[in-house]
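Have a look at the structure below before the remarks.
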Amino acid sequence: MKIAVPAEVDLGEPRVSATPDTVKRLVGLGASVAVETGAGLKSGILDADYEAAGATIAATAADALYGAEVVLKVRRPTEAELSSYKPGALLLAIIDPYGNDEALATLARYNVNAFAMELMPRITRAQVMDVLSSQANLAGYRAVIDAAAEFNRALPQMMTAAGTVPAARVFVMGAGVAGLQAIATARRLGAIVTATDVRPAAKEQVASLGAKFVAVEDEEFKQAETAAGYAKPMSAEYQAKQAALVAEHIKKQDIVITTALIPGRPAPRLITAEMVASMRPGSIIVDLAVERGGNVEGAVPGQVAFVGNVKIVGHLNVPGRIAASASPLYAKNLFNFFETMVDKATKSLAVKWDDELVKATLLTRDGAVVHPNFAPKNLATTSEGAA
């Protein structure tokens, strides 16, 4: 088995798909690993570190990819990259399939067996492969750090001879993996934290971290979670009631962090321009959903926008802002999934095509888009199936 680890061509992507630790593990499975020179530099990993773990260093991506049966990446490859792929190669990456039908067709045209790591089912055996959770956890942490960096006051209460500095008030909207980590981080920094979510199970999780839960807890709220643990789209009536509650609450907050995403759909709008305008001068909003349209009116992807006296932080690829922590977690997710595709007795590839993890993540095979939510005949209902 030859495994290729090319450098990411997207200049905004500092993460890498393998680390010396996972290279060592891959070699232990019987693989040879070729890493493109410089692939790990933005994550603090030198070529020499990979070589010491058993990898060979390739001068170019094409050299790394030559003859590779498996390709590990962070982002979906471009067509230019695909021209160097071996037909039938396995690709493990974050593919971003929603709304990218042409990109999926291109993967199929190059006869790549593409696995979308973000489609990994949230079941017990797949927890160690869950890239959404590993990366969202870091995004939630970094969101608080970014907010603190933009905020012109201290977060914890400080009592001094000259007077008392009050604790900052932080409101986290969405208590999934990113939101819960944001709550925990803000609490560690000494802020007074409140949080909201439309999933009933979140209330107890928020309370366990020492934050106060804020939500309209009616009958619809009690049914607002899918079997997979995601938030359901809420009715217009509920959204109006929740928006009124949030609008009043948000006026008193110093920092707001929004994390709401629904797979296959645009990010729900949680904060309107009127809510932004109601906030106190110097307040900070961090929109972690900005890449999917944003939770905040006025958020600008890739920028810190000034809206009146409020800063709206819209950084892209927030996990990548701490790549030296994100890459090892992502690489371990990839390794744990790839390990299920190897016959350890013969040290050869043995993909179990009927395995539930494979079926859930496999997008393209044998020159066709095969995932039921993205195959051409189902394109009209992709969003409904994904939700």
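Residue numbering restarts at 1 in every chain; chains get A, B, ... in the order shown in the structure tokens, and ligands count up from 1 in that same order.
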(request) Considering only C-alpha atoms, return as a VMD selection string whatever protein or nucleic-acid residues lie within 7 Å of Pro20 in chain A, sequence-local ones (same chain, fewer than 2 positions apart) excluded. (result) chain A and resid 18 22 to 24 49 to 50 53
(request) Please provide as a VMD selection string all residues within 8 Å of range 163-177 of chain A, with the sequence filter that same-chain residues fewer than 2 positions apart are discarded (counting only C-alpha atoms). (result) chain A and resid 133 136 to 137 140 153 to 161 179 to 183 186 190 to 198 202 206 250 252 to 260
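Comparing the minimum interatomic distances between Leu329 in chain A and each of A:Ser43, A:Asn111, A:Leu91, A:Arg187, counting only C-alpha atoms, we find that A:Ser43 sits nearest.
Interatomic distance, CA of Ala126 in chain A to CA of Ile94 in chain A: 15.7 Å.
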(request) Could you check which of A:Ala114, A:Val296, A:Ile3, A:Val318 is closest to Ala68 in chain A, using only C-alpha atoms? (result) A:Ile3
(request) List every residue of range 68-182 of chain A that DSSP, applied to the backbone of this structure, assigns to strand (DSSP E), and report them as an NGL selection string. (result) :A and (70-75 or 90-94 or 113-116 or 158-160 or 163-165 or 169-173)
(request) May I have all residues of range 189-375 of chain A that DSSP, computed from the backbone, assigns to helix (DSSP H, G or I), given as JSON, numbers by chain? (result) {"A": [201, 202, 203, 204, 205, 206, 207, 208, 219, 220, 221, 222, 236, 237, 238, 239, 240, 241, 242, 243, 244, 245, 246, 247, 248, 249, 250, 273, 274, 275, 276, 277, 278, 290, 291, 292, 318, 319, 320, 321, 322, 323, 324, 325, 326, 327, 328, 329, 330, 331, 332, 333, 334, 335, 336, 337, 338, 339, 356, 357, 358, 359, 360, 361]}
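CA of Tyr330 in chain A is positioned 9.4 Å from CA of Thr19 in chain A.
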(message) Please report the interatomic distance between CA of Ile312 in chain A and CA of Ala184 in chain A in Å with one decimal.
(response) 21.4 Å
(message) Quick one: residues within 9 Å of range 95-102 of chain A, only C-alpha atoms, excluding same-chain residues fewer than 2 positions away - as a list in words?
(response)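 In the requested format, the answer is Val74, Arg75, Arg76, Pro77, Leu92, Ala93, Leu104, Ala105, Thr106, Leu107, Ala114, Phe115, Ala116, Met117, Glu118, Pro263, Gly264, Arg265, Leu363, Phe374, Ala375, Pro376, Leu379, Thr382, Ser383 and Ala386 of chain A.
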Write the residues you've just listed into a file as a short mmCIF file (atom, residue, chain, number, x, y, z; two decimals), in the first residue's frame, and include N, CA and C atoms for each of them.
```
data_model
loop_
_atom_site.label_atom_id
_atom_site.label_comp_id
_atom_site.auth_asym_id
_atom_site.auth_seq_id
_atom_site.Cartn_x
_atom_site.Cartn_y
_atom_site.Cartn_z
N VAL A 74 -6.77 17.22 3.59
CA VAL A 74 -7.68 18.00 4.43
C VAL A 74 -8.86 18.45 3.57
N ARG A 75 -8.59 19.14 2.48
CA ARG A 75 -9.63 19.68 1.61
C ARG A 75 -9.81 18.84 0.35
N ARG A 76 -10.97 18.97 -0.26
CA ARG A 76 -11.25 18.30 -1.54
C ARG A 76 -10.22 18.74 -2.59
N PRO A 77 -9.66 17.80 -3.34
CA PRO A 77 -8.66 18.17 -4.35
C PRO A 77 -9.28 18.91 -5.53
N LEU A 92 -9.45 10.14 1.28
CA LEU A 92 -10.08 10.46 2.55
C LEU A 92 -9.83 11.94 2.81
N ALA A 93 -10.91 12.73 2.90
CA ALA A 93 -10.76 14.18 3.05
C ALA A 93 -12.08 14.78 3.50
N LEU A 104 -18.25 16.92 -7.31
CA LEU A 104 -18.43 15.48 -7.10
C LEU A 104 -18.37 14.75 -8.45
N ALA A 105 -18.95 15.35 -9.47
CA ALA A 105 -18.90 14.73 -10.81
C ALA A 105 -17.46 14.65 -11.29
N THR A 106 -16.64 15.64 -10.95
CA THR A 106 -15.23 15.63 -11.35
C THR A 106 -14.49 14.50 -10.63
N LEU A 107 -14.75 14.32 -9.35
CA LEU A 107 -14.14 13.20 -8.61
C LEU A 107 -14.50 11.88 -9.26
N ALA A 114 -13.97 8.44 -3.33
CA ALA A 114 -13.86 9.57 -2.41
C ALA A 114 -14.73 9.37 -1.18
N PHE A 115 -14.12 9.50 -0.02
CA PHE A 115 -14.82 9.38 1.26
C PHE A 115 -14.86 10.74 1.93
N ALA A 116 -16.07 11.22 2.26
CA ALA A 116 -16.25 12.51 2.92
C ALA A 116 -16.25 12.29 4.42
N MET A 117 -15.18 12.71 5.07
CA MET A 117 -15.05 12.47 6.50
C MET A 117 -16.13 13.18 7.32
N GLU A 118 -16.65 14.29 6.79
CA GLU A 118 -17.67 15.02 7.55
C GLU A 118 -19.03 14.32 7.55
N PRO A 263 -26.68 20.53 8.83
CA PRO A 263 -26.06 19.92 7.65
C PRO A 263 -26.93 20.05 6.40
N GLY A 264 -26.31 20.50 5.31
CA GLY A 264 -27.01 20.58 4.04
C GLY A 264 -27.86 21.81 3.85
N ARG A 265 -27.89 22.70 4.82
CA ARG A 265 -28.71 23.90 4.72
C ARG A 265 -27.87 25.14 5.03
N LEU A 363 -18.68 8.79 -1.40
CA LEU A 363 -19.37 9.66 -2.34
C LEU A 363 -19.29 9.16 -3.77
N PHE A 374 -26.49 12.30 -2.81
CA PHE A 374 -25.81 13.16 -3.77
C PHE A 374 -25.78 12.58 -5.18
N ALA A 375 -26.25 11.35 -5.37
CA ALA A 375 -26.30 10.77 -6.71
C ALA A 375 -27.22 11.62 -7.58
N PRO A 376 -26.94 11.74 -8.88
CA PRO A 376 -27.70 12.64 -9.75
C PRO A 376 -29.21 12.50 -9.68
N LEU A 379 -30.60 14.61 -6.79
CA LEU A 379 -30.08 15.96 -6.53
C LEU A 379 -31.17 16.91 -6.08
N THR A 382 -31.53 16.56 -2.22
CA THR A 382 -30.32 16.42 -1.43
C THR A 382 -30.47 17.03 -0.04
N SER A 383 -30.95 18.27 0.04
CA SER A 383 -31.03 18.94 1.34
C SER A 383 -31.98 18.23 2.29
N ALA A 386 -30.32 15.13 3.60
CA ALA A 386 -29.21 15.42 4.51
C ALA A 386 -29.72 15.85 5.87
#
```
(message) Please list as a ChimeraX atom specification every residue within 10 Å of Thr56 in chain A, counting only C-alpha atoms and excluding residues in the same chain fewer than 6 positions away.
(response) /A:4,32-37,47-48,50,64
(request) Please identify all polymer residues within 12 Å of Glu356 in chain A, counting only C-alpha atoms, omitting same-chain residues fewer than 3 positions from it, and present them as an MDAnalysis selection string. (result) chainID A and resid 119:123 125:126 337 340 351:353 359:362
Kindly save the residues from that selection, with C-alpha atoms included, as a CSV table (one decimal), in the first residue's frame.
```
chain,number,residue,atom,x,y,z
A,119,LEU,CA,-20.4,12.5,6.7
A,120,MET,CA,-19.2,10.1,9.3
A,121,PRO,CA,-22.2,8.8,11.3
A,122,ARG,CA,-22.3,9.9,15.0
A,123,ILE,CA,-22.3,6.4,16.5
A,125,ARG,CA,-17.7,3.1,17.1
A,126,ALA,CA,-17.1,6.2,14.9
A,337,PHE,CA,-11.0,5.3,9.6
A,340,THR,CA,-10.8,-0.3,9.2
A,351,VAL,CA,-12.3,-2.1,2.0
A,352,LYS,CA,-15.5,-3.5,3.5
A,353,TRP,CA,-17.9,-1.8,1.0
A,359,LYS,CA,-21.6,3.4,3.0
A,360,ALA,CA,-22.2,6.6,5.0
A,361,THR,CA,-19.1,8.4,3.8
A,362,LEU,CA,-18.5,7.0,0.3
```
(request) Find the residue from A:Pro6, A:Gly294, A:Pro281, A:Pro328 that sits nearest to Lys311 in chain A; use only C-alpha atoms when measuring. (result)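 Once distances to Lys311 in chain A are computed over only C-alpha atoms, the minimum belongs to A:Pro281.
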(message) Residues near Lys86 in chain A, anyone? I mean within 9 Å using only C-alpha atoms, not counting same-chain ones fewer than 3 positions away, as a ChimeraX atom specification.
(response) /A:65-70,82-83,89,110-112
Dump of C-alpha atoms for the selected residues, as a PDB file, in the first residue's frame:
```pdb
ATOM      1  CA  LEU A  65       0.807  10.860  -5.610  1.00  0.00           C
ATOM      2  CA  TYR A  66       2.535   8.669  -8.213  1.00  0.00           C
ATOM      3  CA  GLY A  67       1.152   5.140  -7.836  1.00  0.00           C
ATOM      4  CA  ALA A  68      -0.559   5.938  -4.519  1.00  0.00           C
ATOM      5  CA  GLU A  69      -3.515   3.700  -3.711  1.00  0.00           C
ATOM      6  CA  VAL A  70      -4.626   6.004  -0.895  1.00  0.00           C
ATOM      7  CA  LEU A  82      -6.779  14.921  -9.557  1.00  0.00           C
ATOM      8  CA  SER A  83      -4.842  14.603 -12.796  1.00  0.00           C
ATOM      9  CA  ALA A  89      -7.359   5.475  -5.544  1.00  0.00           C
ATOM     10  CA  TYR A 110     -11.272  10.747 -12.423  1.00  0.00           C
ATOM     11  CA  ASN A 111     -12.420   7.414 -10.973  1.00  0.00           C
ATOM     12  CA  VAL A 112     -11.567   8.323  -7.390  1.00  0.00           C
TER      13      VAL A 112
END
```
(message) When you count only C-alpha atoms, which of these residues is closest to Lys251 in chain A: A:Ile45, A:Leu334, A:Val342, A:Val276?
(response)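 Nearest to Lys251 in chain A: A:Val276.
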(message) Can you pull out the residues contacting Glu248 in chain A? Cut-off 9 Å, using only C-alpha atoms, and skip same-chain residues under 4 positions away; I want them as number ranges by chain.
(response) A: 243-244, 252, 275, 278
